[in-house]
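Dropping start_33.cif in here (mmCIF, C-alpha atoms):
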```cif
data_model
#
loop_
_atom_site.label_atom_id
_atom_site.label_comp_id
_atom_site.auth_asym_id
_atom_site.auth_seq_id
_atom_site.Cartn_x
_atom_site.Cartn_y
_atom_site.Cartn_z
CA GLU A 1 -20.73 9.97 15.04
CA PRO A 2 -17.90 7.61 16.03
CA GLU A 3 -15.03 7.30 13.58
CA VAL A 4 -11.96 5.16 13.07
CA THR A 5 -8.81 7.15 13.85
CA GLN A 6 -5.24 6.53 12.73
CA THR A 7 -1.82 7.86 13.70
CA PRO A 8 0.43 9.16 12.38
CA SER A 9 -1.11 10.80 9.32
CA HIS A 10 2.25 10.68 7.53
CA GLN A 11 5.30 8.54 8.28
CA VAL A 12 8.62 8.88 6.49
CA THR A 13 11.18 6.14 7.05
CA GLN A 14 14.38 4.77 5.62
CA MET A 15 14.39 1.47 3.78
CA GLY A 16 15.01 -1.40 6.19
CA GLN A 17 13.56 0.39 9.20
CA GLU A 18 10.61 -0.86 11.22
CA VAL A 19 7.38 1.13 11.33
CA ILE A 20 4.26 0.76 13.43
CA LEU A 21 1.00 2.22 12.21
CA ARG A 22 -1.69 2.74 14.80
CA CYS A 23 -5.45 2.62 14.60
CA VAL A 24 -8.29 3.07 17.05
CA PRO A 25 -11.35 1.26 15.66
CA ILE A 26 -14.90 2.22 16.50
CA SER A 27 -15.40 1.17 20.10
CA ASN A 28 -18.09 -1.50 19.80
CA HIS A 29 -16.72 -3.04 16.61
CA LEU A 30 -15.33 -6.55 16.64
CA TYR A 31 -13.69 -6.95 13.23
CA PHE A 32 -10.61 -5.05 12.17
CA TYR A 33 -8.85 -4.73 8.86
CA TRP A 34 -5.83 -3.20 7.20
CA TYR A 35 -5.87 -2.16 3.56
CA ARG A 36 -3.33 -0.30 1.49
CA GLN A 37 -3.61 1.96 -1.52
CA ILE A 38 -0.62 2.73 -3.69
CA LEU A 39 -0.94 6.22 -5.16
CA GLY A 40 -3.52 6.30 -7.93
CA GLN A 41 -4.43 2.64 -7.59
CA LYS A 42 -7.22 0.64 -6.02
CA VAL A 43 -7.57 -0.26 -2.38
CA GLU A 44 -6.03 -3.67 -1.59
CA PHE A 45 -6.84 -5.94 1.33
CA LEU A 46 -3.97 -6.87 3.65
CA VAL A 47 -5.38 -8.60 6.71
CA SER A 48 -8.49 -9.08 8.83
CA PHE A 49 -8.49 -9.66 12.59
CA TYR A 50 -11.13 -11.02 14.93
CA ASN A 51 -11.11 -12.38 18.45
CA ASN A 52 -7.42 -11.58 18.83
CA GLU A 53 -6.26 -13.51 15.83
CA ILE A 54 -5.83 -13.11 12.10
CA SER A 55 -8.89 -14.42 10.25
CA GLU A 56 -7.60 -13.85 6.72
CA LYS A 57 -4.55 -12.38 5.03
CA SER A 58 -3.54 -11.61 1.47
CA GLU A 59 -0.38 -12.54 -0.44
CA ILE A 60 0.90 -9.02 0.26
CA PHE A 61 0.85 -9.72 3.99
CA ASP A 62 4.10 -11.65 4.20
CA ASP A 63 6.42 -12.33 7.15
CA GLN A 64 7.47 -8.67 7.23
CA PHE A 65 3.99 -7.68 8.38
CA SER A 66 2.29 -8.31 11.70
CA VAL A 67 -0.79 -7.04 13.48
CA GLU A 68 -1.61 -6.72 17.11
CA ARG A 69 -4.35 -5.52 19.40
CA PRO A 70 -2.21 -4.61 22.40
CA ASP A 71 -5.08 -3.31 24.49
CA GLY A 72 -8.84 -2.82 24.31
CA SER A 73 -8.71 0.10 21.92
CA ASN A 74 -5.66 0.06 19.65
CA PHE A 75 -4.99 -2.05 16.57
CA THR A 76 -1.52 -1.85 15.06
CA LEU A 77 0.23 -2.83 11.84
CA LYS A 78 3.97 -3.40 12.03
CA ILE A 79 6.27 -3.61 9.04
CA ARG A 80 9.59 -5.04 10.23
CA SER A 81 11.94 -4.06 7.44
CA THR A 82 10.39 -1.57 5.06
CA LYS A 83 10.99 -1.69 1.33
CA LEU A 84 10.56 1.08 -1.23
CA GLU A 85 7.47 -0.70 -2.57
CA ASP A 86 5.79 -0.47 0.84
CA SER A 87 5.22 3.23 0.15
CA ALA A 88 1.45 3.62 0.11
CA MET A 89 -1.54 4.91 2.05
CA TYR A 90 -2.50 2.42 4.74
CA PHE A 91 -6.11 2.37 5.85
CA CYS A 92 -7.49 0.72 8.94
CA ALA A 93 -11.15 -0.28 8.94
CA SER A 94 -13.55 -1.83 11.39
CA SER A 95 -16.97 -3.42 11.32
CA GLY A 96 -19.46 -4.45 13.94
CA ALA A 97 -21.75 -7.39 14.54
CA GLY A 98 -25.41 -8.00 13.88
CA ALA A 99 -27.51 -6.14 11.31
CA GLY A 100 -25.33 -4.04 9.03
CA ALA A 101 -22.24 -5.88 10.20
CA ASN A 102 -20.79 -6.03 6.71
CA GLU A 103 -20.29 -2.28 6.67
CA GLN A 104 -16.63 -1.44 7.00
CA PHE A 105 -15.73 2.04 8.16
CA PHE A 106 -12.36 3.38 7.15
CA GLY A 107 -9.94 5.55 9.03
CA PRO A 108 -8.28 8.62 7.45
CA GLY A 109 -5.16 6.64 6.55
CA THR A 110 -1.44 6.83 7.20
CA ARG A 111 0.71 7.83 4.27
CA LEU A 112 3.92 5.79 4.49
CA THR A 113 6.89 7.02 2.49
CA VAL A 114 9.93 4.74 2.35
CA LEU A 115 13.14 6.42 1.16
CA GLY B 116 -10.32 -15.70 -5.62
CA GLU B 117 -12.71 -12.85 -6.24
CA ASN B 118 -11.93 -10.37 -9.01
CA VAL B 119 -13.86 -7.12 -9.48
CA GLU B 120 -13.74 -5.16 -12.72
CA GLN B 121 -15.00 -1.58 -12.89
CA HIS B 122 -15.85 0.70 -15.82
CA PRO B 123 -15.37 3.37 -16.90
CA SER B 124 -12.09 4.52 -15.38
CA THR B 125 -13.06 8.16 -15.90
CA LEU B 126 -16.46 9.76 -16.41
CA SER B 127 -17.14 13.41 -17.17
CA VAL B 128 -20.70 14.75 -16.99
CA GLN B 129 -22.42 18.09 -16.85
CA GLU B 130 -24.11 19.18 -13.66
CA GLY B 131 -27.63 17.78 -13.57
CA ASP B 132 -26.85 14.80 -15.78
CA SER B 133 -26.94 11.20 -14.58
CA ALA B 134 -23.84 9.06 -14.09
CA VAL B 135 -23.64 5.28 -14.21
CA ILE B 136 -20.68 3.20 -13.06
CA LYS B 137 -20.61 -0.54 -13.66
CA CYS B 138 -18.83 -3.40 -11.93
CA THR B 139 -18.63 -7.12 -12.54
CA TYR B 140 -17.49 -9.76 -10.10
CA SER B 141 -16.27 -13.30 -10.58
CA ASP B 142 -17.17 -15.20 -7.40
CA SER B 143 -20.81 -16.29 -7.39
CA ALA B 144 -20.55 -16.70 -3.60
CA SER B 145 -20.15 -12.92 -3.14
CA ASN B 146 -23.16 -11.53 -1.36
CA TYR B 147 -22.32 -7.99 -0.27
CA PHE B 148 -21.56 -5.09 -2.61
CA PRO B 149 -20.68 -1.67 -1.19
CA TRP B 150 -19.81 1.51 -3.02
CA TYR B 151 -17.27 3.93 -1.62
CA LYS B 152 -16.60 7.56 -2.52
CA GLN B 153 -13.06 8.81 -2.08
CA GLU B 154 -12.20 12.47 -2.33
CA LEU B 155 -8.60 13.44 -2.97
CA GLY B 156 -6.40 12.54 0.00
CA LYS B 157 -9.35 11.37 2.09
CA ARG B 158 -10.64 8.07 3.40
CA PRO B 159 -13.08 5.92 1.38
CA GLN B 160 -16.60 6.75 2.56
CA LEU B 161 -19.39 4.20 2.25
CA ILE B 162 -22.23 5.76 0.25
CA ILE B 163 -24.52 2.83 -0.43
CA ASP B 164 -24.43 -0.95 -0.33
CA ILE B 165 -26.56 -3.86 -1.46
CA ARG B 166 -26.86 -7.45 -0.40
CA SER B 167 -27.52 -10.34 -2.72
CA ASN B 168 -31.08 -10.86 -1.56
CA VAL B 169 -32.26 -7.61 -3.20
CA GLY B 170 -32.02 -6.33 -6.75
CA GLU B 171 -32.10 -2.59 -6.20
CA LYS B 172 -31.60 -0.07 -3.44
CA LYS B 173 -32.07 3.68 -3.53
CA ASP B 174 -31.01 6.52 -1.27
CA GLN B 175 -32.06 9.95 -2.52
CA ARG B 176 -30.01 10.64 -5.69
CA ILE B 177 -28.01 7.41 -5.46
CA ALA B 178 -29.16 3.93 -6.43
CA VAL B 179 -27.47 0.58 -6.85
CA THR B 180 -28.72 -2.33 -8.92
CA LEU B 181 -27.56 -5.93 -8.74
CA ASN B 182 -27.89 -8.70 -11.32
CA LYS B 183 -26.76 -11.91 -9.64
CA THR B 184 -27.19 -14.02 -12.75
CA ALA B 185 -24.88 -11.82 -14.78
CA LYS B 186 -22.68 -11.06 -11.76
CA HIS B 187 -22.76 -7.33 -12.21
CA PHE B 188 -23.87 -4.34 -10.20
CA SER B 189 -24.11 -0.65 -11.01
CA LEU B 190 -24.12 2.70 -9.25
CA HIS B 191 -26.52 5.34 -10.55
CA ILE B 192 -26.24 8.98 -9.53
CA THR B 193 -29.00 11.30 -10.73
CA GLU B 194 -28.96 15.10 -10.86
CA THR B 195 -25.21 15.19 -10.40
CA GLN B 196 -23.63 18.11 -8.58
CA PRO B 197 -20.02 19.37 -8.60
CA GLU B 198 -19.57 18.00 -5.08
CA ASP B 199 -20.18 14.51 -6.47
CA SER B 200 -16.77 14.79 -8.15
CA ALA B 201 -14.55 12.11 -6.60
CA VAL B 202 -13.23 8.60 -7.23
CA TYR B 203 -15.86 5.91 -6.74
CA PHE B 204 -14.91 2.33 -5.88
CA CYS B 205 -17.13 -0.71 -6.00
CA ALA B 206 -16.29 -3.73 -3.87
CA ALA B 207 -17.48 -7.26 -3.20
CA SER B 208 -17.35 -9.59 -0.25
CA ASN B 209 -18.36 -13.22 -0.04
CA ARG B 210 -19.04 -13.50 3.67
CA GLY B 211 -19.94 -11.24 6.50
CA PHE B 212 -16.94 -9.68 8.21
CA GLN B 213 -14.60 -10.74 5.45
CA LYS B 214 -12.31 -8.84 3.16
CA LEU B 215 -13.56 -6.41 0.59
CA VAL B 216 -12.20 -6.85 -2.93
CA PHE B 217 -12.22 -3.47 -4.63
CA GLY B 218 -12.61 -2.45 -8.24
CA THR B 219 -10.08 -0.18 -9.90
CA GLY B 220 -12.09 2.98 -9.34
CA THR B 221 -13.92 5.52 -11.49
CA ARG B 222 -12.92 9.16 -11.44
CA LEU B 223 -16.15 11.16 -11.79
CA LEU B 224 -15.89 14.79 -12.79
CA VAL B 225 -19.05 16.90 -12.68
CA SER B 226 -18.68 20.21 -14.47
CA PRO B 227 -20.87 23.17 -13.50
#
```
Structure translated into structure tokens:
Amino acid sequence: EPEVTQTPSHQVTQMGQEVILRCVPISNHLYFYWYRQILGQKVEFLVSFYNNEISEKSEIFDDQFSVERPDGSNFTLKIRSTKLEDSAMYFCASSGAGAGANEQFFGPGTRLTVL
Amino acid sequence: GENVEQHPSTLSVQEGDSAVIKCTYSDSASNYFPWYKQELGKRPQLIIDIRSNVGEKKDQRIAVTLNKTAKHFSLHITETQPEDSAVYFCAASNRGFQKLVFGTGTRLLVSP
């Protein structure tokens, strides 16, 4: 069964550094999302992406964040200047079109640790 | 915007018992309500979902009920097993392909 994949599984960075988190959504899906989960807390929406543009973003998704679909398979989240509070698990998700299109399938996550 | 409340935060049951987790939502325009199971250090896995045009949906030992008038929905797990132990999150969405707003999670512990 196809799955969303993410790399790396764990990223450690220094405060102020840029990080890029990578995702490969399920191949025939059209809608892509980033969520984050601070340890022990709920999953929070960051951004949704469709047709090569952002369709919705949350207050968390400020100017330090950007997303890109650089080719036909990858979907990336960039944090330009990381802060300590950016430490969290970042999940990519994707969903398709047509019947069952609401269903969002999550990747395994990237644990980001900012020191 | 949408706000989803979830109760209880922890739930301990004996193997074979039933477990019920409840969520309420605030936006009457929400029309899609999935439930995710998250094991420690793993991704959220969709286990069941319901759309606003139905009141109940069942899949083997798992069922979800929806009361649109009261704006609440519940997850029911019957004949619980130790492998059901995990954190369960409810979520709501008000349009297809749009963001999921998650509840705060319920840690379910099933003791043998």
Test item: chain B residues at most 12 Å from chain A, counting only C-alpha atoms, as a tab-separated table (two decimals) with C-alpha atoms, in the coordinates of the input:
```
chain	number	residue	atom	x	y	z
B	116	GLY	CA	-10.32	-15.70	-5.62
B	117	GLU	CA	-12.71	-12.85	-6.24
B	118	ASN	CA	-11.93	-10.37	-9.01
B	119	VAL	CA	-13.86	-7.12	-9.48
B	120	GLU	CA	-13.74	-5.16	-12.72
B	121	GLN	CA	-15.00	-1.58	-12.89
B	124	SER	CA	-12.09	4.52	-15.38
B	146	ASN	CA	-23.16	-11.53	-1.36
B	147	TYR	CA	-22.32	-7.99	-0.27
B	148	PHE	CA	-21.56	-5.09	-2.61
B	149	PRO	CA	-20.68	-1.67	-1.19
B	150	TRP	CA	-19.81	1.51	-3.02
B	151	TYR	CA	-17.27	3.93	-1.62
B	152	LYS	CA	-16.60	7.56	-2.52
B	153	GLN	CA	-13.06	8.81	-2.08
B	154	GLU	CA	-12.20	12.47	-2.33
B	155	LEU	CA	-8.60	13.44	-2.97
B	156	GLY	CA	-6.40	12.54	0.00
B	157	LYS	CA	-9.35	11.37	2.09
B	158	ARG	CA	-10.64	8.07	3.40
B	159	PRO	CA	-13.08	5.92	1.38
B	160	GLN	CA	-16.60	6.75	2.56
B	161	LEU	CA	-19.39	4.20	2.25
B	162	ILE	CA	-22.23	5.76	0.25
B	163	ILE	CA	-24.52	2.83	-0.43
B	164	ASP	CA	-24.43	-0.95	-0.33
B	165	ILE	CA	-26.56	-3.86	-1.46
B	166	ARG	CA	-26.86	-7.45	-0.40
B	202	VAL	CA	-13.23	8.60	-7.23
B	203	TYR	CA	-15.86	5.91	-6.74
B	204	PHE	CA	-14.91	2.33	-5.88
B	205	CYS	CA	-17.13	-0.71	-6.00
B	206	ALA	CA	-16.29	-3.73	-3.87
B	207	ALA	CA	-17.48	-7.26	-3.20
B	208	SER	CA	-17.35	-9.59	-0.25
B	209	ASN	CA	-18.36	-13.22	-0.04
B	210	ARG	CA	-19.04	-13.50	3.67
B	211	GLY	CA	-19.94	-11.24	6.50
B	212	PHE	CA	-16.94	-9.68	8.21
B	213	GLN	CA	-14.60	-10.74	5.45
B	214	LYS	CA	-12.31	-8.84	3.16
B	215	LEU	CA	-13.56	-6.41	0.59
B	216	VAL	CA	-12.20	-6.85	-2.93
B	217	PHE	CA	-12.22	-3.47	-4.63
B	218	GLY	CA	-12.61	-2.45	-8.24
B	219	THR	CA	-10.08	-0.18	-9.90
B	220	GLY	CA	-12.09	2.98	-9.34
B	221	THR	CA	-13.92	5.52	-11.49
B	222	ARG	CA	-12.92	9.16	-11.44
```
(request) Decode the PyMOL selection byres ((chain B and resi 169) around 10) for the given file into explicit residues and return them as a list of chain:residue names. (result)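 Checking the PyMOL selection byres ((chain B and resi 169) around 10) against this file, the residues are B:Ile165, B:Arg166, B:Ser167, B:Asn168, B:Gly170, B:Glu171, B:Lys172, B:Thr180, B:Leu181, B:Asn182, B:Lys183.
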What does the file look like for those residues with C-alpha atoms, as a short mmCIF file (atom, residue, chain, number, x, y, z; two decimals), in the coordinates of the input?
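Below you can see out18.cif, which holds the result:
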```
data_model
loop_
_atom_site.label_atom_id
_atom_site.label_comp_id
_atom_site.auth_asym_id
_atom_site.auth_seq_id
_atom_site.Cartn_x
_atom_site.Cartn_y
_atom_site.Cartn_z
CA ILE B 165 -26.56 -3.86 -1.46
CA ARG B 166 -26.86 -7.45 -0.40
CA SER B 167 -27.52 -10.34 -2.72
CA ASN B 168 -31.08 -10.86 -1.56
CA GLY B 170 -32.02 -6.33 -6.75
CA GLU B 171 -32.10 -2.59 -6.20
CA LYS B 172 -31.60 -0.07 -3.44
CA THR B 180 -28.72 -2.33 -8.92
CA LEU B 181 -27.56 -5.93 -8.74
CA ASN B 182 -27.89 -8.70 -11.32
CA LYS B 183 -26.76 -11.91 -9.64
#
```
Can you translate the PyMOL selection byres ((chain A and resi 84) around 8) into the concrete residues it hits in this file, as a PDB file with C-alpha atoms, keeping the file's coordinate frame?
```
ATOM      1  CA  MET A  15      14.390   1.470   3.780  1.00  0.00           C
ATOM      2  CA  THR A  82      10.390  -1.570   5.060  1.00  0.00           C
ATOM      3  CA  LYS A  83      10.990  -1.690   1.330  1.00  0.00           C
ATOM      4  CA  GLU A  85       7.470  -0.700  -2.570  1.00  0.00           C
ATOM      5  CA  ASP A  86       5.790  -0.470   0.840  1.00  0.00           C
ATOM      6  CA  SER A  87       5.220   3.230   0.150  1.00  0.00           C
ATOM      7  CA  THR A 113       6.890   7.020   2.490  1.00  0.00           C
ATOM      8  CA  VAL A 114       9.930   4.740   2.350  1.00  0.00           C
ATOM      9  CA  LEU A 115      13.140   6.420   1.160  1.00  0.00           C
TER      10      LEU A 115
END
```
(message) Using only C-alpha atoms for the distances, tell me which of B:Val179, B:Asp174, B:Ala201, B:Ser189 is nearest to B:His122.
(response)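 Ranking B:Val179, B:Asp174, B:Ala201, B:Ser189 by distance to B:His122, first place goes to B:Ser189.
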(request) Could you jot down the atom CA of B:Ile177 to atom CA of A:Asn28 separation for me, Å, one decimal place? (result) 28.6 Å
(message) For a quick check of understanding, using only C-alpha atoms, which of A:Gln37, A:Ser27, A:Ser81, A:Asn52 has the smallest distance to A:Phe65?
(response)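 For A:Phe65, the nearest of the given residues is A:Ser81.
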(message) For the PyMOL selection byres ((chain A and resi 18-20) around 6), applied here, can you spell out every residue it catches as a VMD selection string?
(response) chain A and resid 17 21 77 to 81
(message) Please report the interatomic distance between atom CA of A:Arg22 and atom CA of A:Glu1 in Å with one decimal.
(response)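 That distance, rounded to one decimal, is 20.4 Å.
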(request) Please measure the separation of atom CA of B:Ser143 and atom CA of B:Gln175, giving the value in Å to one decimal. (result)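 Separating atom CA of B:Ser143 from atom CA of B:Gln175 is a distance of 29.0 Å.
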(request) Write out as JSON, numbers by chain the residues lying within 9 Å of A:Asn74, counting only C-alpha atoms and excluding same-chain residues fewer than 6 positions away. (result) {"A": [22, 23, 24, 25, 68]}
Repair of stretch 12-45 of chain A at the level of N, CA and C atoms, as a PDB file, in the coordinates of the input:
```pdb
ATOM      1  N   VAL A  12       7.499   9.005   7.430  1.00  0.00           N
ATOM      2  CA  VAL A  12       8.620   8.880   6.490  1.00  0.00           C
ATOM      3  C   VAL A  12       9.679   8.025   7.175  1.00  0.00           C
ATOM      4  N   THR A  13      10.197   7.038   6.454  1.00  0.00           N
ATOM      5  CA  THR A  13      11.180   6.140   7.050  1.00  0.00           C
ATOM      6  C   THR A  13      12.221   5.748   6.020  1.00  0.00           C
ATOM      7  N   GLN A  14      13.333   5.261   6.505  1.00  0.00           N
ATOM      8  CA  GLN A  14      14.380   4.770   5.620  1.00  0.00           C
ATOM      9  C   GLN A  14      14.146   3.296   5.341  1.00  0.00           C
ATOM     10  N   MET A  15      14.500   2.868   4.148  1.00  0.00           N
ATOM     11  CA  MET A  15      14.390   1.470   3.780  1.00  0.00           C
ATOM     12  C   MET A  15      15.094   0.596   4.825  1.00  0.00           C
ATOM     13  N   GLY A  16      14.444  -0.498   5.200  1.00  0.00           N
ATOM     14  CA  GLY A  16      15.010  -1.400   6.190  1.00  0.00           C
ATOM     15  C   GLY A  16      14.597  -1.117   7.620  1.00  0.00           C
ATOM     16  N   GLN A  17      14.001   0.042   7.848  1.00  0.00           N
ATOM     17  CA  GLN A  17      13.560   0.390   9.200  1.00  0.00           C
ATOM     18  C   GLN A  17      12.196  -0.231   9.494  1.00  0.00           C
ATOM     19  N   GLU A  18      11.907  -0.358  10.759  1.00  0.00           N
ATOM     20  CA  GLU A  18      10.610  -0.860  11.220  1.00  0.00           C
ATOM     21  C   GLU A  18       9.658   0.315  11.422  1.00  0.00           C
ATOM     22  N   VAL A  19       8.397   0.114  11.057  1.00  0.00           N
ATOM     23  CA  VAL A  19       7.380   1.130  11.330  1.00  0.00           C
ATOM     24  C   VAL A  19       6.180   0.462  11.990  1.00  0.00           C
ATOM     25  N   ILE A  20       5.506   1.215  12.817  1.00  0.00           N
ATOM     26  CA  ILE A  20       4.260   0.760  13.430  1.00  0.00           C
ATOM     27  C   ILE A  20       3.194   1.801  13.135  1.00  0.00           C
ATOM     28  N   LEU A  21       2.134   1.356  12.514  1.00  0.00           N
ATOM     29  CA  LEU A  21       1.000   2.220  12.210  1.00  0.00           C
ATOM     30  C   LEU A  21      -0.111   1.896  13.206  1.00  0.00           C
ATOM     31  N   ARG A  22      -0.718   2.938  13.724  1.00  0.00           N
ATOM     32  CA  ARG A  22      -1.690   2.740  14.800  1.00  0.00           C
ATOM     33  C   ARG A  22      -3.097   3.130  14.370  1.00  0.00           C
ATOM     34  N   CYS A  23      -4.040   2.415  14.925  1.00  0.00           N
ATOM     35  CA  CYS A  23      -5.450   2.620  14.600  1.00  0.00           C
ATOM     36  C   CYS A  23      -6.272   2.459  15.875  1.00  0.00           C
ATOM     37  N   VAL A  24      -7.293   3.274  16.002  1.00  0.00           N
ATOM     38  CA  VAL A  24      -8.290   3.070  17.050  1.00  0.00           C
ATOM     39  C   VAL A  24      -9.620   2.818  16.338  1.00  0.00           C
ATOM     40  N   PRO A  25     -10.084   1.575  16.319  1.00  0.00           N
ATOM     41  CA  PRO A  25     -11.350   1.260  15.660  1.00  0.00           C
ATOM     42  C   PRO A  25     -12.532   1.852  16.427  1.00  0.00           C
ATOM     43  N   ILE A  26     -13.684   1.800  15.820  1.00  0.00           N
ATOM     44  CA  ILE A  26     -14.900   2.220  16.500  1.00  0.00           C
ATOM     45  C   ILE A  26     -15.147   1.302  17.683  1.00  0.00           C
ATOM     46  N   SER A  27     -15.527   1.867  18.809  1.00  0.00           N
ATOM     47  CA  SER A  27     -15.400   1.170  20.100  1.00  0.00           C
ATOM     48  C   SER A  27     -16.184  -0.129  20.212  1.00  0.00           C
ATOM     49  N   ASN A  28     -17.339  -0.264  19.629  1.00  0.00           N
ATOM     50  CA  ASN A  28     -18.090  -1.500  19.800  1.00  0.00           C
ATOM     51  C   ASN A  28     -17.931  -2.453  18.606  1.00  0.00           C
ATOM     52  N   HIS A  29     -16.960  -2.168  17.748  1.00  0.00           N
ATOM     53  CA  HIS A  29     -16.720  -3.040  16.610  1.00  0.00           C
ATOM     54  C   HIS A  29     -15.834  -4.214  17.005  1.00  0.00           C
ATOM     55  N   LEU A  30     -16.014  -5.311  16.285  1.00  0.00           N
ATOM     56  CA  LEU A  30     -15.330  -6.550  16.640  1.00  0.00           C
ATOM     57  C   LEU A  30     -14.352  -7.029  15.576  1.00  0.00           C
ATOM     58  N   TYR A  31     -14.492  -6.479  14.363  1.00  0.00           N
ATOM     59  CA  TYR A  31     -13.690  -6.950  13.230  1.00  0.00           C
ATOM     60  C   TYR A  31     -12.826  -5.796  12.761  1.00  0.00           C
ATOM     61  N   PHE A  32     -11.564  -6.097  12.513  1.00  0.00           N
ATOM     62  CA  PHE A  32     -10.610  -5.050  12.170  1.00  0.00           C
ATOM     63  C   PHE A  32      -9.824  -5.466  10.928  1.00  0.00           C
ATOM     64  N   TYR A  33      -9.473  -4.462  10.142  1.00  0.00           N
ATOM     65  CA  TYR A  33      -8.850  -4.730   8.860  1.00  0.00           C
ATOM     66  C   TYR A  33      -7.750  -3.702   8.591  1.00  0.00           C
ATOM     67  N   TRP A  34      -6.784  -4.127   7.803  1.00  0.00           N
ATOM     68  CA  TRP A  34      -5.830  -3.200   7.200  1.00  0.00           C
ATOM     69  C   TRP A  34      -5.906  -3.368   5.687  1.00  0.00           C
ATOM     70  N   TYR A  35      -5.924  -2.227   5.012  1.00  0.00           N
ATOM     71  CA  TYR A  35      -5.870  -2.160   3.560  1.00  0.00           C
ATOM     72  C   TYR A  35      -4.749  -1.198   3.195  1.00  0.00           C
ATOM     73  N   ARG A  36      -4.268  -1.315   1.966  1.00  0.00           N
ATOM     74  CA  ARG A  36      -3.330  -0.300   1.490  1.00  0.00           C
ATOM     75  C   ARG A  36      -3.745   0.174   0.107  1.00  0.00           C
ATOM     76  N   GLN A  37      -3.292   1.372  -0.220  1.00  0.00           N
ATOM     77  CA  GLN A  37      -3.610   1.960  -1.520  1.00  0.00           C
ATOM     78  C   GLN A  37      -2.362   2.660  -2.024  1.00  0.00           C
ATOM     79  N   ILE A  38      -1.746   2.067  -3.024  1.00  0.00           N
ATOM     80  CA  ILE A  38      -0.620   2.730  -3.690  1.00  0.00           C
ATOM     81  C   ILE A  38      -1.192   3.889  -4.489  1.00  0.00           C
ATOM     82  N   LEU A  39      -0.449   4.982  -4.560  1.00  0.00           N
ATOM     83  CA  LEU A  39      -0.940   6.220  -5.160  1.00  0.00           C
ATOM     84  C   LEU A  39      -1.572   5.980  -6.532  1.00  0.00           C
ATOM     85  N   GLY A  40      -2.819   6.395  -6.652  1.00  0.00           N
ATOM     86  CA  GLY A  40      -3.520   6.300  -7.930  1.00  0.00           C
ATOM     87  C   GLY A  40      -4.080   4.935  -8.255  1.00  0.00           C
ATOM     88  N   GLN A  41      -3.946   3.997  -7.322  1.00  0.00           N
ATOM     89  CA  GLN A  41      -4.430   2.640  -7.590  1.00  0.00           C
ATOM     90  C   GLN A  41      -5.595   2.275  -6.669  1.00  0.00           C
ATOM     91  N   LYS A  42      -6.056   1.060  -6.809  1.00  0.00           N
ATOM     92  CA  LYS A  42      -7.220   0.640  -6.020  1.00  0.00           C
ATOM     93  C   LYS A  42      -6.798   0.267  -4.600  1.00  0.00           C
ATOM     94  N   VAL A  43      -7.793   0.153  -3.760  1.00  0.00           N
ATOM     95  CA  VAL A  43      -7.570  -0.260  -2.380  1.00  0.00           C
ATOM     96  C   VAL A  43      -7.382  -1.781  -2.357  1.00  0.00           C
ATOM     97  N   GLU A  44      -6.335  -2.232  -1.643  1.00  0.00           N
ATOM     98  CA  GLU A  44      -6.030  -3.670  -1.590  1.00  0.00           C
ATOM     99  C   GLU A  44      -6.097  -4.177  -0.156  1.00  0.00           C
ATOM    100  N   PHE A  45      -6.720  -5.311   0.018  1.00  0.00           N
ATOM    101  CA  PHE A  45      -6.840  -5.940   1.330  1.00  0.00           C
ATOM    102  C   PHE A  45      -5.482  -6.483   1.786  1.00  0.00           C
TER     103      PHE A  45
END
```
